[in-house]
Amino acid sequence: MVSSDEIILPEIKPLPDGAVEIITTHINADFDALASMLAVGKLYPQALMVFPGSQERNLRNFFLQSTAYLFNFVKLKEVKTELVRRLILVDTRQVSRIGPLEKILKNKDLKIHIYDHHPNSSDDLKGELEILAPIGATVTIMTEILKAKGMPITPEEATVMTLGIHEDTGSLTFGSTTPRDYLAAAYLLECGANLNLVSEMITRELTSEQVSILNELINSTRTQNINGVDVSLAQVTTDHYVSDFAVLVHKLMDMENINVIFALARMEDHVYLVARSRLSEINVADTVREFGGGGHPSAASASIKNQTLTQVEDKLQALIAANIGPIRRAQDIMAFPVISIPPDGTLAEARETLTRYDINVLVVVDKKGLVLGYISQQNVSKALHHGLTDMPVSEFMTSEFNTVDPMDSFPEIIQFIVDQNQRILPVVKDNRLVGVITRTDLLNILTSDTDTSAAIEGYGENPHPGRRKSIKNLMRERLPKNIISLLADLGRTADRLGYSIYAVGGFIRDVFIKQENLDIDVVVEGDGINFAKVFAAEHPGVRIRSHLKFNSAVLIFPDGFKVDVATARLEYYESPATLPIVEVGSLRLDLYRRDFTINTMAVKLNEERFGNLIDYFRGVQDIKYGYIRVLHNLSFVEDPTRVFRAIRFEQRFGFKISKLTANLIQNAVKHNFFEKLSPKRLFVELKYILQEDEPGRAMKRLDDFDLLKFIMPDLKFNKSKAELFERIRKVCYWFELTYLGENYQPWMIYFLGLTDGRPQEKLAQVSDRLIQHRRDRQLIIEEKPEIDRILRSLHRQKSDIQPGKLYELLHPLSTEAILYLMAKTTREDTRRAISSYFTKLKNVQIELTGKDLIAMGFEPGPRFKEILGAVHLARLNGELNSLEDEKKYVQEHILANS
């Protein structure tokens, strides 16, 4: 049997000559059954397609109104059932649902192949081949198989198959719908599915008879509370068969906002039972199965013979009471009274309380009983390690959290503690704390109750920290082939050494974000330097540069490409804002030391599990929802530079700093954790921000958090600065388009803009304190005053400035200073003049040389410079166009006056 999230391609052996094979489905076949039969027929081209009984009305109408009559269906009476040697079942595997075809099961040497999406039941048939998947529609399985095999699907076939998906998933809205159903529907649309026909069939208007039945169902509906669950029952009687009863029940649920319903219809000599549930804890299939029916936990049905409506109803009532157990609610599992601490309680007091009561998390509650947050033993210990004994817990508590009501159900509790990774869940009634539920409480329940633990399967995208899934296909789609080959090479070397190796950090983050990033970092669970040495030895031309202190290395390839190799390590900080102490650790500890959750993902590169994603800290989820989130509450205490990185990433990716992370930034500013930070480390982070494509937005955020004062006291990013930054951005864009490949440093232009208007002596102090490179300091200290002087001079010009004069003004300046001038001015004529320096004047050269001057009778000496300078100026002003012009100019203006 195969039951998997992966696509399985069946191996089908041919039958002996004369043997018959048939494809069938369940009685009262719907579109999913029909579509699956058509699709599986492409895998068994010699098989006959046979319905075991009647079909739903919509299905019969489809046969009459479409080209479905072209498909290879035969009547059961036309089949020599005794010759059937292979039975292919789709959309069912229950003996009780194949009607008169059950007699074929007695045939000697019968092979059974099954394709189904329904959950297991007690009367399931066993097959030689079983392809099962817990998804919304069986035809989704068939679509995946046909696509993988490259088998064409005609527009007519695609339309029928799309109908199957839409009907069984409620047009992709039912809770049983999976991503695989969406992907299958999209592929069928590519194959030419007619959505107009699909819409017409799915949303067909009710007949007057169906409206009457629906009205009777509404009037008969009564609701009972069974073990804490509201369950609705409805019934109707008619002397003849009315099709689409399940559709009517679904409409009833929508109209009356019903979560759980069991509907009975007496039609002719049958009682039809349709059950629906929107509650994950109520599995209606378990109840319906007792009547010989089947289906999903959320949708099931049965056709019952030889029983009266009253008999069925009585049995149904008993089964509901037996199968629907009491819902476990928050008030049933919460702990109380709650041990708490006020927001102004100190971290020392928090440690004492945690120790006294032997608990790991402490709730922070104000005098009115309002929950403000919680703080963990781990965060308290780290804060005390940094000497923050007398600080209030409110500064470091987790203030971003969810609460539940005492009557909230167990799945809601699982969502917050497991999916949202919340350590403690306050139970609140009327805005007052009445209890708490911890991870330990939940774990104790799950390990003692297997039924409950099953409830978390498939809950959310990443229910278990560290859950692994493969992103190999995603990597192949978004990374160049040579990079995939390199990563595989790294994995094979690690395999030979017995190491585990992972690609980590921003490289993996940007695979998800679809940003190009080939800065590859790998972490080795083993000896990183030894790994690098072995890899280099196996790959001629690859050099290594080792860093023994950090047990890391860099692989340098012949073309200059680099891969950073690190030994899995942990870090701890002896005091705030200092560099960390590094020790060997595991992958999880290595990832935990990183700055934000989006940078904590790793992908295994070893051959056996190449492409497996490891996501301990919900990085994928934070990427999906666009959050920048720290890993622990003392992250900015240990390394305040992370504050600047948080803002840089937020603006680069269009994300949002989470509420808790924003609060922690405010605390870092409030308590001046930047005081012990090396100024040059601080400037490196500022420089990274200024190197972004649009740093103005990040500057605004730095100003919002009052962070610019750590660059320069009283520094602000106001409206005029924002406008200047925008002009700088446009100027840089113009320059890069005009002078492709010319090197310059845009960040320096933005830094000049950021510090615009500040006194020169303060700029000099900031330069000495922050800026490491002499050339960069020179631009601030020496060129900045010249920039201001030249701009005043240009603005004083009452008419167009002479090109030669413009050249004399601008040529001594660096490219960055001139571009800053272009952005700084608000006068268009001045900006045009400066741009003309780049486009017309900067590269103007004269042809006259010293040899020419000697030939003209001049003695070599300092005067040569003056003469050549005068000629250059005349050529800049457009007075000279050739060497002859230059010689004539010297003769008439210099020799004549000698």
# chains A, B, ... in the order shown; residues from 1 in each chain; ligands from 1
>>> select_by_dssp(residues="stretch 282-334 of chain A", states="strand (DSSP E)", output="list in words")
Gly294, Gly295, Ala299, Ala300, Ser301, Ala302, Ser303, Ile304 and Lys305 of chain A
>>> write_last_selection(atoms="N, CA and C atoms", output="PDB file, in the first residue's frame")
ATOM      1  N   GLY A 294     -19.687   5.807   4.146  1.00  0.00           N
ATOM      2  CA  GLY A 294     -18.283   6.202   4.249  1.00  0.00           C
ATOM      3  C   GLY A 294     -18.121   7.664   3.920  1.00  0.00           C
ATOM      4  N   GLY A 295     -16.881   8.113   3.927  1.00  0.00           N
ATOM      5  CA  GLY A 295     -16.591   9.513   3.629  1.00  0.00           C
ATOM      6  C   GLY A 295     -15.406  10.009   4.412  1.00  0.00           C
ATOM      7  N   ALA A 299     -17.208  15.084   6.026  1.00  0.00           N
ATOM      8  CA  ALA A 299     -18.326  14.850   5.109  1.00  0.00           C
ATOM      9  C   ALA A 299     -18.476  13.357   4.855  1.00  0.00           C
ATOM     10  N   ALA A 300     -19.657  12.829   5.100  1.00  0.00           N
ATOM     11  CA  ALA A 300     -19.892  11.387   4.904  1.00  0.00           C
ATOM     12  C   ALA A 300     -21.353  11.169   4.534  1.00  0.00           C
ATOM     13  N   SER A 301     -21.628   9.984   3.961  1.00  0.00           N
ATOM     14  CA  SER A 301     -23.009   9.676   3.562  1.00  0.00           C
ATOM     15  C   SER A 301     -23.215   8.174   3.537  1.00  0.00           C
ATOM     16  N   ALA A 302     -24.493   7.778   3.578  1.00  0.00           N
ATOM     17  CA  ALA A 302     -24.843   6.349   3.518  1.00  0.00           C
ATOM     18  C   ALA A 302     -26.220   6.197   2.893  1.00  0.00           C
ATOM     19  N   SER A 303     -26.413   5.052   2.259  1.00  0.00           N
ATOM     20  CA  SER A 303     -27.720   4.682   1.714  1.00  0.00           C
ATOM     21  C   SER A 303     -28.164   3.424   2.454  1.00  0.00           C
ATOM     22  N   ILE A 304     -29.331   3.489   3.144  1.00  0.00           N
ATOM     23  CA  ILE A 304     -29.726   2.436   4.069  1.00  0.00           C
ATOM     24  C   ILE A 304     -31.020   1.778   3.560  1.00  0.00           C
ATOM     25  N   LYS A 305     -30.981   0.461   3.451  1.00  0.00           N
ATOM     26  CA  LYS A 305     -32.148  -0.306   2.993  1.00  0.00           C
ATOM     27  C   LYS A 305     -32.828  -0.995   4.166  1.00  0.00           C
TER      28      LYS A 305
END
>>> select_by_dssp(residues="stretch 616-839 of chain A", states="helix (DSSP H, G or I)", output="JSON, numbers by chain")
{"A": [619, 620, 621, 622, 623, 624, 625, 635, 636, 637, 638, 641, 642, 643, 644, 645, 646, 647, 648, 649, 650, 651, 652, 653, 659, 660, 661, 662, 663, 664, 665, 666, 667, 668, 669, 670, 679, 680, 681, 682, 683, 684, 685, 686, 687, 688, 689, 690, 695, 696, 697, 698, 699, 700, 701, 702, 703, 704, 708, 709, 710, 719, 720, 721, 722, 723, 724, 725, 726, 727, 728, 729, 730, 731, 732, 733, 734, 735, 736, 737, 738, 746, 747, 748, 749, 750, 751, 752, 753, 754, 760, 761, 762, 763, 764, 765, 766, 767, 768, 769, 770, 774, 775, 776, 777, 778, 779, 780, 781, 782, 783, 784, 785, 786, 787, 788, 789, 790, 791, 792, 793, 794, 795, 796, 803, 804, 805, 806, 807, 808, 809, 810, 815, 816, 817, 818, 819, 820, 821, 822, 823, 824, 828, 829, 830, 831, 832, 833, 834, 835, 836, 837, 838, 839]}
>>> write_last_selection(atoms="C-alpha atoms", output="compact mmCIF listing (two decimals), in the first residue's frame")
# COMPACT_ATOMS: atom_id res chain seq x y z
CA GLY A 619 11.55 31.18 9.99
CA VAL A 620 9.40 30.07 7.04
CA GLN A 621 6.28 31.26 8.79
CA ASP A 622 7.79 34.67 9.57
CA ILE A 623 8.87 35.00 5.93
CA LYS A 624 5.36 34.08 4.80
CA TYR A 625 3.72 36.70 7.03
CA SER A 635 18.96 39.68 21.89
CA PHE A 636 19.55 43.45 21.75
CA VAL A 637 21.20 43.47 25.16
CA GLU A 638 23.79 40.97 23.95
CA THR A 641 23.92 46.22 16.43
CA ARG A 642 21.07 43.80 15.71
CA VAL A 643 18.71 46.78 16.09
CA PHE A 644 20.15 48.33 12.93
CA ARG A 645 20.00 45.00 11.09
CA ALA A 646 16.35 44.58 12.08
CA ILE A 647 15.51 47.89 10.43
CA ARG A 648 17.65 47.14 7.39
CA PHE A 649 15.94 43.78 6.79
CA GLU A 650 12.50 45.25 7.48
CA GLN A 651 12.92 47.84 4.75
CA ARG A 652 14.80 45.64 2.28
CA PHE A 653 12.15 42.91 2.27
CA LYS A 659 5.47 44.07 18.21
CA LEU A 660 7.68 42.37 20.80
CA THR A 661 10.85 43.05 18.81
CA ALA A 662 9.85 46.73 18.48
CA ASN A 663 9.33 46.90 22.25
CA LEU A 664 12.76 45.40 22.83
CA ILE A 665 14.32 48.00 20.49
CA GLN A 666 12.68 50.76 22.51
CA ASN A 667 14.08 49.24 25.71
CA ALA A 668 17.56 49.06 24.20
CA VAL A 669 17.37 52.77 23.33
CA LYS A 670 15.87 53.70 26.68
CA PRO A 679 31.70 53.08 17.47
CA LYS A 680 33.20 51.42 14.42
CA ARG A 681 30.88 48.39 14.80
CA LEU A 682 27.99 50.80 14.97
CA PHE A 683 29.14 52.59 11.83
CA VAL A 684 29.50 49.32 9.92
CA GLU A 685 25.78 48.69 10.47
CA LEU A 686 24.90 52.25 9.44
CA LYS A 687 27.04 51.84 6.33
CA TYR A 688 25.17 48.62 5.43
CA ILE A 689 21.89 50.53 5.67
CA LEU A 690 23.21 53.35 3.49
CA PRO A 695 18.01 53.89 2.53
CA GLY A 696 15.66 56.81 3.18
CA ARG A 697 12.91 54.55 4.51
CA ALA A 698 15.33 52.90 6.93
CA MET A 699 16.56 56.32 8.09
CA LYS A 700 12.98 57.25 8.88
CA ARG A 701 12.63 54.11 10.99
CA LEU A 702 15.94 54.81 12.77
CA ASP A 703 14.59 58.27 13.58
CA ASP A 704 11.27 56.81 14.77
CA LEU A 708 20.23 58.42 15.12
CA LYS A 709 21.48 60.07 18.30
CA PHE A 710 23.94 57.21 18.66
CA LYS A 719 11.07 65.99 5.82
CA SER A 720 13.86 67.99 4.15
CA LYS A 721 16.32 65.13 4.78
CA ALA A 722 13.88 62.66 3.27
CA GLU A 723 13.55 64.87 0.17
CA LEU A 724 17.36 65.14 -0.05
CA PHE A 725 17.69 61.34 0.18
CA GLU A 726 15.20 60.96 -2.65
CA ARG A 727 17.19 63.38 -4.81
CA ILE A 728 20.37 61.45 -3.98
CA ARG A 729 18.67 58.22 -5.05
CA LYS A 730 17.69 59.72 -8.40
CA VAL A 731 21.15 61.19 -8.96
CA CYS A 732 22.82 57.84 -8.20
CA TYR A 733 20.42 56.09 -10.55
CA TRP A 734 21.22 58.59 -13.32
CA PHE A 735 24.95 58.19 -12.77
CA GLU A 736 24.82 54.39 -12.84
CA LEU A 737 22.84 54.39 -16.07
CA THR A 738 25.13 56.97 -17.67
CA PRO A 746 26.76 55.75 -2.94
CA TRP A 747 26.68 55.21 0.83
CA MET A 748 29.07 58.15 1.30
CA ILE A 749 26.75 60.44 -0.65
CA TYR A 750 23.88 59.40 1.63
CA PHE A 751 26.07 59.93 4.70
CA LEU A 752 26.80 63.47 3.52
CA GLY A 753 23.04 63.94 3.14
CA LEU A 754 22.34 62.49 6.58
CA GLN A 760 31.89 71.12 10.65
CA GLU A 761 33.65 70.59 13.97
CA LYS A 762 31.05 68.04 15.02
CA LEU A 763 31.33 66.31 11.67
CA ALA A 764 35.07 66.04 12.20
CA GLN A 765 34.50 64.48 15.64
CA VAL A 766 31.99 62.00 14.24
CA SER A 767 34.36 61.15 11.42
CA ASP A 768 37.23 60.40 13.78
CA ARG A 769 34.98 58.36 16.08
CA LEU A 770 33.12 56.29 13.48
CA ARG A 774 41.36 57.64 5.77
CA ARG A 775 39.87 58.42 2.36
CA ASP A 776 36.34 58.42 3.79
CA ARG A 777 37.39 60.70 6.66
CA GLN A 778 39.04 63.04 4.17
CA LEU A 779 35.78 63.41 2.26
CA ILE A 780 34.02 64.51 5.46
CA ILE A 781 36.75 66.71 6.90
CA GLU A 782 38.24 68.30 3.78
CA GLU A 783 35.72 68.06 0.94
CA LYS A 784 32.52 68.80 2.86
CA PRO A 785 33.47 72.48 3.46
CA GLU A 786 34.46 72.77 -0.21
CA ILE A 787 31.12 71.32 -1.28
CA ASP A 788 29.26 74.01 0.62
CA ARG A 789 31.54 76.77 -0.76
CA ILE A 790 31.22 75.57 -4.35
CA LEU A 791 27.45 75.26 -4.11
CA ARG A 792 27.22 78.86 -2.91
CA SER A 793 29.44 79.91 -5.79
CA LEU A 794 27.31 78.07 -8.35
CA HIS A 795 24.13 79.59 -6.93
CA ARG A 796 25.62 83.11 -7.24
CA PRO A 803 32.65 75.38 -18.73
CA GLY A 804 36.25 76.04 -17.86
CA LYS A 805 35.28 77.70 -14.59
CA LEU A 806 32.92 74.84 -13.80
CA TYR A 807 35.74 72.38 -14.42
CA GLU A 808 38.08 74.31 -12.12
CA LEU A 809 35.48 74.18 -9.36
CA LEU A 810 34.52 70.51 -9.64
CA THR A 815 32.89 61.67 -7.68
CA GLU A 816 30.86 61.25 -4.47
CA ALA A 817 31.21 64.94 -3.56
CA ILE A 818 30.15 66.09 -7.05
CA LEU A 819 27.12 63.80 -7.07
CA TYR A 820 26.19 65.10 -3.64
CA LEU A 821 26.34 68.62 -5.09
CA MET A 822 23.91 67.56 -7.82
CA ALA A 823 21.50 66.20 -5.23
CA LYS A 824 21.97 69.04 -2.76
CA GLU A 828 17.57 72.81 -12.09
CA ASP A 829 20.08 74.99 -13.98
CA THR A 830 22.77 74.20 -11.41
CA ARG A 831 21.99 70.48 -11.61
CA ARG A 832 22.24 70.61 -15.41
CA ALA A 833 25.56 72.41 -15.18
CA ILE A 834 26.99 69.79 -12.82
CA SER A 835 25.72 66.95 -14.99
CA SER A 836 27.45 68.57 -17.97
CA TYR A 837 30.72 68.24 -16.08
CA PHE A 838 30.34 64.44 -16.20
CA THR A 839 28.96 64.24 -19.72
>>> residues_around(residues="A:Glu216", least_positions_apart="2", cutoff="9 Å", atoms="only C-alpha atoms", output="JSON, numbers by chain")
{"A": [211, 212, 213, 214, 218, 219, 220, 221, 234, 235, 236, 237]}
>>> atom_distance(atom1="atom CA of A:Ile628", atom2="atom CA of A:Lys469")
22.6 Å
>>> atom_distance(atom1="atom CA of A:Glu102", atom2="atom CA of A:Glu128")
17.0 Å
>>> residues_around(residues="stretch 844-847 of chain A", least_positions_apart="2", cutoff="6 Å", atoms="only C-alpha atoms", output="PyMOL selection string")
chain A and resi 841-842+872+883
>>> write_last_selection(atoms="N, CA and C atoms", output="PDB file, in the first residue's frame")
ATOM      1  N   LEU A 841      32.724  67.580 -19.826  1.00  0.00           N
ATOM      2  CA  LEU A 841      33.968  68.235 -19.437  1.00  0.00           C
ATOM      3  C   LEU A 841      34.992  67.322 -18.783  1.00  0.00           C
ATOM      4  N   LYS A 842      34.522  66.359 -18.016  1.00  0.00           N
ATOM      5  CA  LYS A 842      35.437  65.596 -17.168  1.00  0.00           C
ATOM      6  C   LYS A 842      36.557  64.933 -17.958  1.00  0.00           C
ATOM      7  N   HIS A 872      44.064  73.969 -21.880  1.00  0.00           N
ATOM      8  CA  HIS A 872      42.963  73.074 -21.467  1.00  0.00           C
ATOM      9  C   HIS A 872      41.708  73.872 -21.166  1.00  0.00           C
ATOM     10  N   LEU A 883      44.703  70.162 -32.549  1.00  0.00           N
ATOM     11  CA  LEU A 883      46.079  70.481 -32.156  1.00  0.00           C
ATOM     12  C   LEU A 883      46.538  71.784 -32.793  1.00  0.00           C
TER      13      LEU A 883
END
>>> atom_distance(atom1="atom CA of A:Val74", atom2="atom CA of A:Phe51")
8.0 Å
>>> residues_around(residues="A:Arg85", least_positions_apart="4", cutoff="9 Å", atoms="only C-alpha atoms", output="ChimeraX atom specification")
/A:15,19-22,81,104,107-112
>>> write_last_selection(atoms="all heavy atoms", output="short mmCIF file (atom, residue, chain, number, x, y, z; two decimals), in the first residue's frame")
data_model
loop_
_atom_site.label_atom_id
_atom_site.label_comp_id
_atom_site.auth_asym_id
_atom_site.auth_seq_id
_atom_site.Cartn_x
_atom_site.Cartn_y
_atom_site.Cartn_z
N LEU A 15 -2.47 -7.82 -18.60
CA LEU A 15 -3.19 -9.04 -18.26
C LEU A 15 -3.04 -10.07 -19.38
O LEU A 15 -2.76 -9.71 -20.54
CB LEU A 15 -4.67 -8.73 -18.04
CG LEU A 15 -5.04 -7.90 -16.82
CD1 LEU A 15 -6.54 -7.66 -16.80
CD2 LEU A 15 -4.61 -8.59 -15.53
N ALA A 19 -8.44 -11.95 -20.72
CA ALA A 19 -8.84 -11.48 -19.38
C ALA A 19 -9.48 -10.10 -19.50
O ALA A 19 -9.09 -9.28 -20.34
CB ALA A 19 -7.64 -11.44 -18.45
N VAL A 20 -10.47 -9.85 -18.64
CA VAL A 20 -11.20 -8.58 -18.66
C VAL A 20 -10.80 -7.76 -17.44
O VAL A 20 -10.63 -8.30 -16.34
CB VAL A 20 -12.72 -8.83 -18.67
CG1 VAL A 20 -13.49 -7.52 -18.57
CG2 VAL A 20 -13.12 -9.59 -19.93
N GLU A 21 -10.68 -6.46 -17.64
CA GLU A 21 -10.46 -5.56 -16.50
C GLU A 21 -11.49 -4.44 -16.57
O GLU A 21 -11.82 -3.95 -17.66
CB GLU A 21 -9.03 -4.98 -16.49
CG GLU A 21 -8.61 -4.28 -17.76
CD GLU A 21 -7.16 -3.82 -17.73
OE1 GLU A 21 -6.60 -3.69 -16.63
OE2 GLU A 21 -6.58 -3.60 -18.81
N ILE A 22 -12.01 -4.07 -15.42
CA ILE A 22 -13.01 -3.01 -15.39
C ILE A 22 -12.63 -1.96 -14.37
O ILE A 22 -11.96 -2.23 -13.37
CB ILE A 22 -14.43 -3.56 -15.08
CG1 ILE A 22 -14.48 -4.16 -13.66
CG2 ILE A 22 -14.88 -4.56 -16.12
CD1 ILE A 22 -15.90 -4.52 -13.25
N THR A 81 -18.85 -10.77 -16.23
CA THR A 81 -18.18 -10.56 -14.95
C THR A 81 -17.29 -11.74 -14.54
O THR A 81 -16.31 -11.56 -13.82
CB THR A 81 -19.22 -10.30 -13.84
OG1 THR A 81 -20.17 -11.37 -13.83
CG2 THR A 81 -19.93 -8.98 -14.09
N ILE A 104 -17.95 -9.88 -8.15
CA ILE A 104 -16.69 -10.07 -8.87
C ILE A 104 -15.56 -10.44 -7.91
O ILE A 104 -14.58 -11.09 -8.29
CB ILE A 104 -16.32 -8.79 -9.66
CG1 ILE A 104 -17.36 -8.54 -10.77
CG2 ILE A 104 -14.92 -8.85 -10.27
CD1 ILE A 104 -17.12 -7.27 -11.55
N ASN A 107 -14.12 -13.89 -7.94
CA ASN A 107 -13.40 -14.43 -9.11
C ASN A 107 -12.00 -14.89 -8.72
O ASN A 107 -11.29 -14.22 -7.96
CB ASN A 107 -13.29 -13.37 -10.21
CG ASN A 107 -14.62 -13.14 -10.90
OD1 ASN A 107 -15.64 -13.73 -10.53
ND2 ASN A 107 -14.64 -12.28 -11.91
N LYS A 108 -11.60 -16.01 -9.29
CA LYS A 108 -10.29 -16.58 -9.03
C LYS A 108 -9.22 -15.70 -9.67
O LYS A 108 -9.38 -15.19 -10.77
CB LYS A 108 -10.21 -18.00 -9.58
CG LYS A 108 -8.93 -18.73 -9.25
CD LYS A 108 -8.95 -20.16 -9.81
CE LYS A 108 -7.64 -20.88 -9.47
NZ LYS A 108 -7.64 -22.26 -10.03
N ASP A 109 -8.10 -15.55 -8.95
CA ASP A 109 -6.95 -14.78 -9.43
C ASP A 109 -7.28 -13.32 -9.72
O ASP A 109 -6.65 -12.66 -10.56
CB ASP A 109 -6.35 -15.41 -10.70
CG ASP A 109 -5.84 -16.83 -10.45
OD1 ASP A 109 -5.34 -17.07 -9.33
OD2 ASP A 109 -5.93 -17.65 -11.37
N LEU A 110 -8.28 -12.77 -9.02
CA LEU A 110 -8.64 -11.37 -9.22
C LEU A 110 -7.59 -10.44 -8.60
O LEU A 110 -7.20 -10.62 -7.44
CB LEU A 110 -10.01 -11.07 -8.58
CG LEU A 110 -10.51 -9.62 -8.72
CD1 LEU A 110 -10.87 -9.32 -10.17
CD2 LEU A 110 -11.70 -9.38 -7.78
N LYS A 111 -7.15 -9.48 -9.37
CA LYS A 111 -6.23 -8.44 -8.88
C LYS A 111 -7.04 -7.16 -8.67
O LYS A 111 -7.84 -6.78 -9.53
CB LYS A 111 -5.11 -8.18 -9.87
CG LYS A 111 -4.33 -9.44 -10.30
CD LYS A 111 -3.57 -10.05 -9.14
CE LYS A 111 -2.73 -11.23 -9.62
NZ LYS A 111 -2.04 -11.92 -8.50
N ILE A 112 -6.80 -6.50 -7.54
CA ILE A 112 -7.53 -5.27 -7.23
C ILE A 112 -6.54 -4.11 -7.14
O ILE A 112 -5.54 -4.19 -6.42
CB ILE A 112 -8.32 -5.39 -5.91
CG1 ILE A 112 -9.32 -6.55 -5.99
CG2 ILE A 112 -9.03 -4.08 -5.59
CD1 ILE A 112 -10.06 -6.80 -4.69
#
>>> closest_residue(among="A:Met334, A:Met856, A:Leu372, A:Met161", to="A:Ile413", atoms="only C-alpha atoms")
A:Met334
